[in-house]
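Raw entry.cif, mmCIF, C-alpha atoms:
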data_target
loop_
_atom_site.label_atom_id
_atom_site.label_comp_id
_atom_site.auth_asym_id
_atom_site.auth_seq_id
_atom_site.Cartn_x
_atom_site.Cartn_y
_atom_site.Cartn_z
CA MET A 18 -38.66 -14.60 21.06
CA ALA A 19 -38.20 -17.87 19.16
CA ILE A 20 -36.08 -20.88 20.06
CA VAL A 21 -34.53 -22.87 17.22
CA ALA A 22 -33.63 -26.47 18.00
CA GLY A 23 -30.02 -27.28 17.18
CA THR A 24 -27.24 -25.21 15.64
CA LYS A 25 -27.07 -26.56 12.09
CA THR A 26 -26.52 -23.59 9.79
CA GLU A 27 -29.06 -24.56 7.12
CA HIS A 28 -31.78 -25.27 9.67
CA VAL A 29 -31.25 -22.02 11.58
CA ILE A 30 -31.21 -19.98 8.35
CA GLU A 31 -34.41 -21.70 7.22
CA GLN A 32 -36.20 -20.87 10.47
CA VAL A 33 -34.95 -17.29 10.84
CA SER A 34 -35.75 -16.56 7.19
CA LYS A 35 -39.42 -17.03 8.03
CA ILE A 36 -39.27 -13.62 9.70
CA ASP A 37 -40.35 -10.86 7.32
CA LEU A 38 -37.40 -9.61 5.23
CA LYS A 39 -38.12 -5.96 6.01
CA LYS A 40 -37.85 -6.67 9.73
CA ARG A 41 -34.59 -8.54 9.24
CA GLN A 42 -33.17 -5.74 7.10
CA ALA A 43 -33.96 -3.29 9.90
CA VAL A 44 -31.41 -5.03 12.15
CA ILE A 45 -28.40 -2.70 12.36
CA GLU A 46 -25.91 -4.71 14.42
CA ILE A 47 -25.38 -8.29 15.57
CA THR A 48 -23.00 -9.45 18.31
CA LEU A 49 -21.68 -12.98 17.91
CA ASP A 50 -18.78 -15.28 18.62
CA MET A 51 -16.07 -16.23 16.11
CA ALA A 52 -17.74 -19.38 14.79
CA ASN A 53 -18.00 -19.40 10.98
CA SER A 54 -21.49 -20.89 11.19
CA MET A 55 -22.74 -17.91 13.20
CA LYS A 56 -21.17 -15.48 10.71
CA LEU A 57 -22.89 -17.23 7.81
CA ILE A 58 -26.27 -17.21 9.58
CA ALA A 59 -25.92 -13.50 10.33
CA LYS A 60 -24.88 -12.70 6.76
CA LYS A 61 -27.70 -14.69 5.14
CA CYS A 62 -30.50 -13.68 7.52
CA PHE A 63 -29.51 -10.11 8.35
CA PRO A 64 -27.69 -8.84 5.22
CA LYS A 65 -27.59 -5.18 6.29
CA ALA A 66 -26.41 -5.77 9.86
CA ILE A 67 -22.84 -5.04 10.96
CA GLN A 68 -21.24 -8.06 12.64
CA VAL A 69 -19.55 -7.41 15.98
CA THR A 70 -17.34 -10.02 17.62
CA ASP A 71 -18.21 -9.96 21.30
CA ARG A 72 -15.32 -8.87 23.51
CA PHE A 73 -15.96 -11.79 25.89
CA HIS A 74 -14.84 -14.29 23.25
CA VAL A 75 -11.72 -12.31 22.32
CA GLN A 76 -10.57 -11.90 25.93
CA LYS A 77 -11.34 -15.57 26.55
CA LEU A 78 -8.73 -16.56 23.95
CA ALA A 79 -5.99 -14.69 25.81
CA LEU A 80 -7.11 -16.03 29.19
CA GLU A 81 -7.15 -19.61 27.91
CA ALA A 82 -3.65 -19.15 26.44
CA LEU A 83 -2.49 -17.89 29.86
CA GLN A 84 -4.07 -20.81 31.71
CA GLU A 85 -2.48 -23.30 29.31
CA ILE A 86 0.96 -22.02 30.32
CA ARG A 87 0.05 -22.38 34.01
CA ILE A 88 -1.26 -25.92 33.43
CA LYS A 89 1.92 -26.91 31.58
CA TYR A 90 4.04 -25.79 34.54
CA ARG A 91 1.67 -27.56 36.96
CA TRP A 92 2.08 -30.89 35.16
CA GLU A 93 5.85 -30.44 35.27
CA ALA A 94 5.70 -29.70 39.02
CA MET A 95 3.51 -32.77 39.60
CA ASP A 96 5.96 -34.92 37.66
CA ARG A 97 8.91 -33.64 39.71
CA GLU A 98 7.07 -34.23 42.98
CA ASN A 99 6.01 -37.75 41.99
CA GLN A 100 9.57 -38.57 41.02
CA ALA A 101 10.87 -37.20 44.34
CA ILE A 102 8.34 -39.35 46.25
CA LEU A 103 9.41 -42.47 44.34
CA ASN A 104 13.09 -41.72 44.98
CA ALA A 105 12.41 -41.27 48.69
CA LYS A 106 10.54 -44.60 48.83
CA SER A 107 13.36 -46.41 47.08
CA GLU A 108 15.72 -45.14 49.79
CA ASN A 109 13.26 -45.96 52.61
CA LYS A 110 12.89 -42.29 53.41
CA THR A 111 9.85 -40.11 54.04
CA TYR A 112 9.31 -37.47 51.41
CA THR A 113 8.89 -33.97 52.81
CA PRO A 114 7.87 -31.36 50.22
CA GLU A 115 9.56 -27.99 50.23
CA LEU A 116 7.18 -25.22 51.30
CA LEU A 117 7.18 -21.68 49.98
CA ASN A 118 6.83 -18.60 52.20
CA ASN A 119 3.02 -18.74 52.05
CA GLY A 120 2.87 -22.42 52.98
CA ASP A 121 2.18 -23.74 49.47
CA THR A 122 4.24 -26.29 47.64
CA VAL A 123 5.09 -25.32 44.04
CA LYS A 124 2.40 -27.73 42.82
CA GLN A 125 -0.18 -26.16 45.14
CA LEU A 126 0.93 -22.66 44.16
CA LEU A 127 0.23 -23.40 40.49
CA ALA A 128 -3.12 -25.03 41.25
CA ARG A 129 -4.29 -22.26 43.59
CA SER A 130 -3.23 -19.46 41.25
CA ARG A 131 -5.88 -20.32 38.69
CA TYR A 132 -8.48 -17.76 39.73
CA LEU A 133 -6.14 -14.86 40.46
CA LEU A 134 -4.91 -15.01 36.85
CA TYR A 135 -8.45 -14.25 35.66
CA LYS A 136 -8.60 -11.09 37.80
CA SER A 137 -7.00 -7.66 37.53
CA LYS A 138 -4.48 -6.87 40.30
CA GLU A 139 -6.89 -4.44 41.95
CA LYS A 140 -9.29 -7.30 42.69
CA TRP A 141 -6.76 -9.65 44.28
CA THR A 142 -7.18 -10.55 47.93
CA ASN A 143 -4.15 -10.26 50.26
CA SER A 144 -3.43 -13.98 49.94
CA GLN A 145 -3.69 -13.76 46.16
CA VAL A 146 -1.22 -10.84 46.11
CA GLU A 147 1.27 -12.94 48.07
CA ARG A 148 0.64 -15.97 45.87
CA ALA A 149 1.04 -13.93 42.67
CA GLN A 150 4.39 -12.51 43.83
CA LEU A 151 5.72 -16.01 44.45
CA LEU A 152 4.27 -17.34 41.20
CA PHE A 153 5.79 -14.59 39.07
CA GLU A 154 9.20 -14.89 40.78
CA ILE A 155 9.38 -18.61 40.03
CA TYR A 156 7.73 -18.40 36.60
CA PRO A 157 8.53 -15.08 34.85
CA ASP A 158 6.79 -16.41 31.70
CA LEU A 159 3.51 -16.48 33.59
CA LYS A 160 3.98 -12.84 34.59
CA THR A 161 4.59 -11.87 30.96
CA ALA A 162 1.53 -13.85 29.80
CA TYR A 163 -0.61 -12.34 32.58
CA ILE A 164 0.42 -8.82 31.55
CA LEU A 165 -0.49 -9.59 27.92
CA SER A 166 -3.97 -10.78 28.89
CA GLN A 167 -4.51 -7.70 31.10
CA GLN A 168 -3.31 -5.35 28.35
CA LEU A 169 -5.93 -6.78 26.00
CA ARG A 170 -8.60 -6.23 28.66
CA ALA A 171 -7.39 -2.65 29.13
CA ILE A 172 -7.79 -1.94 25.42
CA TYR A 173 -11.44 -2.93 25.69
CA ASN A 174 -12.03 -1.09 28.96
CA SER A 175 -10.39 2.24 28.15
CA ASN A 176 -11.08 2.92 24.46
CA ASN A 177 -14.15 4.37 22.80
CA ASP A 178 -12.34 5.47 19.65
CA LYS A 179 -12.00 2.84 16.93
CA ASN A 180 -8.78 4.32 15.52
CA VAL A 181 -7.12 4.46 18.94
CA ALA A 182 -8.19 0.87 19.61
CA MET A 183 -6.76 -0.17 16.23
CA LEU A 184 -3.39 1.38 17.09
CA LYS A 185 -3.28 -0.19 20.56
CA LEU A 186 -4.23 -3.59 19.16
CA ALA A 187 -1.34 -3.30 16.69
CA HIS A 188 1.07 -2.62 19.60
CA TRP A 189 -0.41 -5.58 21.48
CA TYR A 190 0.06 -7.81 18.43
CA ARG A 191 3.75 -6.90 18.34
CA LYS A 192 4.19 -7.71 22.03
CA VAL A 193 2.52 -11.11 21.54
CA GLU A 194 4.83 -11.90 18.62
CA GLU A 195 7.88 -10.83 20.67
CA SER A 196 6.82 -13.03 23.60
CA GLY A 197 7.28 -16.19 21.56
CA PHE A 198 4.34 -17.93 23.28
CA LYS A 199 2.95 -20.45 20.79
CA ASN A 200 -0.55 -20.54 22.31
CA PHE A 201 -0.78 -16.74 22.37
CA ASN A 202 0.25 -16.63 18.72
CA ILE A 203 -2.49 -19.15 17.87
CA ALA A 204 -4.95 -16.85 19.65
CA LEU A 205 -3.46 -13.91 17.73
CA ASN A 206 -4.06 -15.65 14.40
CA THR A 207 -7.70 -16.23 15.35
CA ILE A 208 -8.07 -12.57 16.29
CA THR A 209 -6.44 -11.50 12.99
CA ILE A 210 -8.96 -13.54 11.00
CA ASN A 211 -11.80 -11.75 12.82
CA TYR A 212 -10.06 -8.36 12.95
CA GLN A 213 -12.74 -6.20 11.32
CA SER A 214 -15.65 -7.52 13.36
CA ILE A 215 -13.52 -7.17 16.51
CA LEU A 216 -12.86 -3.52 15.70
CA ASN A 217 -16.59 -2.99 15.06
CA TYR A 218 -17.09 -3.36 18.82
CA PHE A 219 -15.56 0.08 19.38
CA ASP A 220 -18.26 1.83 17.34
CA ASN A 221 -21.07 1.27 19.85
CA ARG A 222 -19.42 -1.05 22.43
CA SER A 223 -22.22 -3.55 21.88
CA THR A 224 -21.99 -6.84 23.75
CA ASN A 225 -24.14 -9.91 24.32
CA ALA A 226 -22.99 -10.22 27.93
CA SER A 227 -26.59 -10.45 29.18
CA ALA A 228 -27.29 -13.35 26.81
CA GLU A 229 -24.06 -15.09 27.89
CA SER A 230 -25.03 -14.62 31.53
CA PHE A 231 -28.49 -16.06 30.89
CA ASN A 232 -26.96 -19.00 29.00
CA ALA A 233 -24.67 -19.70 31.97
CA LYS A 234 -27.69 -19.73 34.30
CA ILE A 235 -29.49 -22.20 32.05
CA LYS A 236 -26.46 -24.51 31.93
CA ALA A 237 -26.10 -24.36 35.71
CA PHE A 238 -29.81 -25.10 36.17
CA ARG A 239 -29.56 -28.06 33.78
CA SER A 240 -26.43 -29.50 35.41
CA GLN A 241 -28.00 -29.16 38.86
CA PHE A 242 -30.61 -31.74 37.83
CA ARG A 243 -28.12 -33.83 35.82
CA GLY A 244 -29.73 -33.26 32.44
CA VAL A 245 -33.21 -32.87 31.04
CA ARG A 246 -35.79 -35.63 30.57
CA LYS A 247 -38.96 -33.70 29.75
CA ILE A 248 -38.18 -30.70 27.57
CA ASP A 249 -41.62 -29.10 27.91
CA PHE A 250 -41.48 -29.16 31.71
CA TYR A 251 -37.86 -27.97 31.63
CA LEU A 252 -38.83 -24.92 29.52
CA PHE A 253 -41.80 -24.29 31.81
CA ARG A 254 -39.53 -24.19 34.87
CA LEU A 255 -37.02 -21.95 33.09
CA SER A 256 -39.75 -19.47 32.15
CA ASN A 257 -40.99 -19.35 35.73
CA LEU A 258 -37.54 -18.90 37.23
CA PHE A 259 -35.91 -16.53 34.78
CA ALA A 260 -38.59 -14.92 32.61
#

Represent the structure of the file as structure tokens.
Amino acid sequence: MAIVAGTKTEHVIEQVSKIDLKKRQAVIEITLDMANSMKLIAKKCFPKAIQVTDRFHVQKLALEALQEIRIKYRWEAMDRENQAILNAKSENKTYTPELLNNGDTVKQLLARSRYLLYKSKEKWTNSQVERAQLLFEIYPDLKTAYILSQQLRAIYNSNNDKNVAMLKLAHWYRKVEESGFKNFNIALNTITINYQSILNYFDNRSTNASAESFNAKIKAFRSQFRGVRKIDFYLFRLSNLFA
């Protein structure tokens, strides 16, 4: 395994091209994100390999679009609460927030619903089930957006046939367009640009989840010590902990 410093396209291509061409041509498939630089590197260095957009990055787009809607509503709730507090002060009154059935204020409900929106319903705890019911009653848009994100996940989880996946993705596209959510449509445009490499996933269901998991561990290790001062020693510790 080789580590290339930096992510500049020309530099990475230069370093990877040092590997014998026959070995590079033997690579059948490459999983990658949707960055154009990564696509160019893969095309130049591994000309015979099929490019597969990793499902993690596709699902992440939908989840981020969902969270943006939640965050927008949270800011609005914070603004309303702040205004209510100021009005109460101007009248020499004590502000008492209205509590929902589970004890949350609307602002707290939106803040505490973050993690349940990442999960499928089957994985919700009892408190998350109660919170989700309240959230979706007050904000039907969030329920619609949540369903869209879960439908995309279901396409990945339940399909091994590329043609079936293509058909289901087309239905999902239509639902996104009908929803009218601007951020979901931006995500949809990104998916459309990478459509073929996204569909390639369903040939062999290849994923770089293990590499993403390892990358997350490295980032957590680095942040734990607030950065890196001696790179050699840092790499030595990584190799001893994770190799």

| Selection dump of the PyMOL selection byres ((chain A and resi 71) around 10), as a list in words |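 When the PyMOL selection byres ((chain A and resi 71) around 10) is applied to the shown file, the picked residues are Ile47, Thr48, Leu49, Asp50, Met51, Gln68, Val69, Thr70, Arg72, Phe73, His74, Val75, Gln76, Ser214, Ile215, Asn217, Tyr218, Arg222, Ser223, Thr224, Asn225 and Ala226 of chain A.
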
| Which residues, written as a ChimeraX atom specification, have at least one atom at most 8 Å from Ile58 of chain A, with only C-alpha atoms counted and residues fewer than 4 positions away on the same chain left out? | /A:26,29-30,54,62-63

| field | Within 12 Å of Gln167 of chain A using only C-alpha atoms, minus same-chain residues under 3 positions, as a list in words | value | Gln76, Lys77, Ala79, Leu80, Leu83, Leu133, Leu134, Tyr135, Lys136, Ser137, Lys138, Glu139, Lys160, Thr161, Ala162, Tyr163, Ile164, Arg170, Ala171, Ile172, Tyr173, Asn174, Ser175 and Trp189 of chain A

| said: Please expand the PyMOL selection byres ((chain A and resi 148) around 12) into the concrete residues it hits in this file, giving the result as a ChimeraX atom specification. | reply: /A:117-123,125-134,138,141-147,149-156

| query | For Ala59 of chain A, which residue out of A:Leu205, A:Val33, A:Ala82, A:Met95 is the nearest one, using all atoms listed in the file? | reply |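 Ranked by minimum distance to Ala59 of chain A, first place goes to A:Val33.
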
| query | Can you list, as a list in words, every protein, DNA or RNA residue that comes within 9 Å of Pro114 of chain A when you count only C-alpha atoms, leaving out same-chain residues fewer than 3 positions away? | reply | Glu98, Ala101, Ile102 and Thr122 of chain A

| field | Pick from A:His188, A:Asn202, A:Glu194, A:Lys60 nearest to Gln42 of chain A, counting all atoms listed in the file | value |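 Counting all atoms listed in the file, the residue closest to Gln42 of chain A is A:Lys60.
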
| A:Lys185, A:Arg87, A:Arg97, A:Arg254 ranked by distance to Asn200 of chain A, top pick (using only C-alpha atoms) |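 Distance minimum relative to Asn200 of chain A lands on A:Arg87.
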
| query | Which of these residues is nearest to Ile45 of chain A, using all atoms listed in the file: A:Ala187, A:Ile67, A:Ala182, A:Ile210? | reply |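 Checking each of A:Ala187, A:Ile67, A:Ala182, A:Ile210 against Ile45 of chain A, counting all atoms listed in the file, the winner is A:Ile67.
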
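Note that the spacing between atom CA of Tyr90 of chain A and atom CA of Pro157 of chain A amounts to 11.6 Å.
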
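Each of A:Lys106, A:Val193, A:Phe201, A:Leu116 was compared to Glu85 of chain A using all atoms listed in the file, and A:Phe201 turns out to be the nearest.
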
| message | Please report the interatomic distance between atom CA of Ile248 of chain A and atom CA of Lys35 of chain A in Å with one decimal. | response | 23.9 Å

| task | May I ask which of the residues A:Asp178, A:Asn211, A:Ile203, A:Lys124 is the closest one to Trp92 of chain A, counting only C-alpha atoms? | result |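 For Trp92 of chain A, the nearest of the candidates is A:Lys124.
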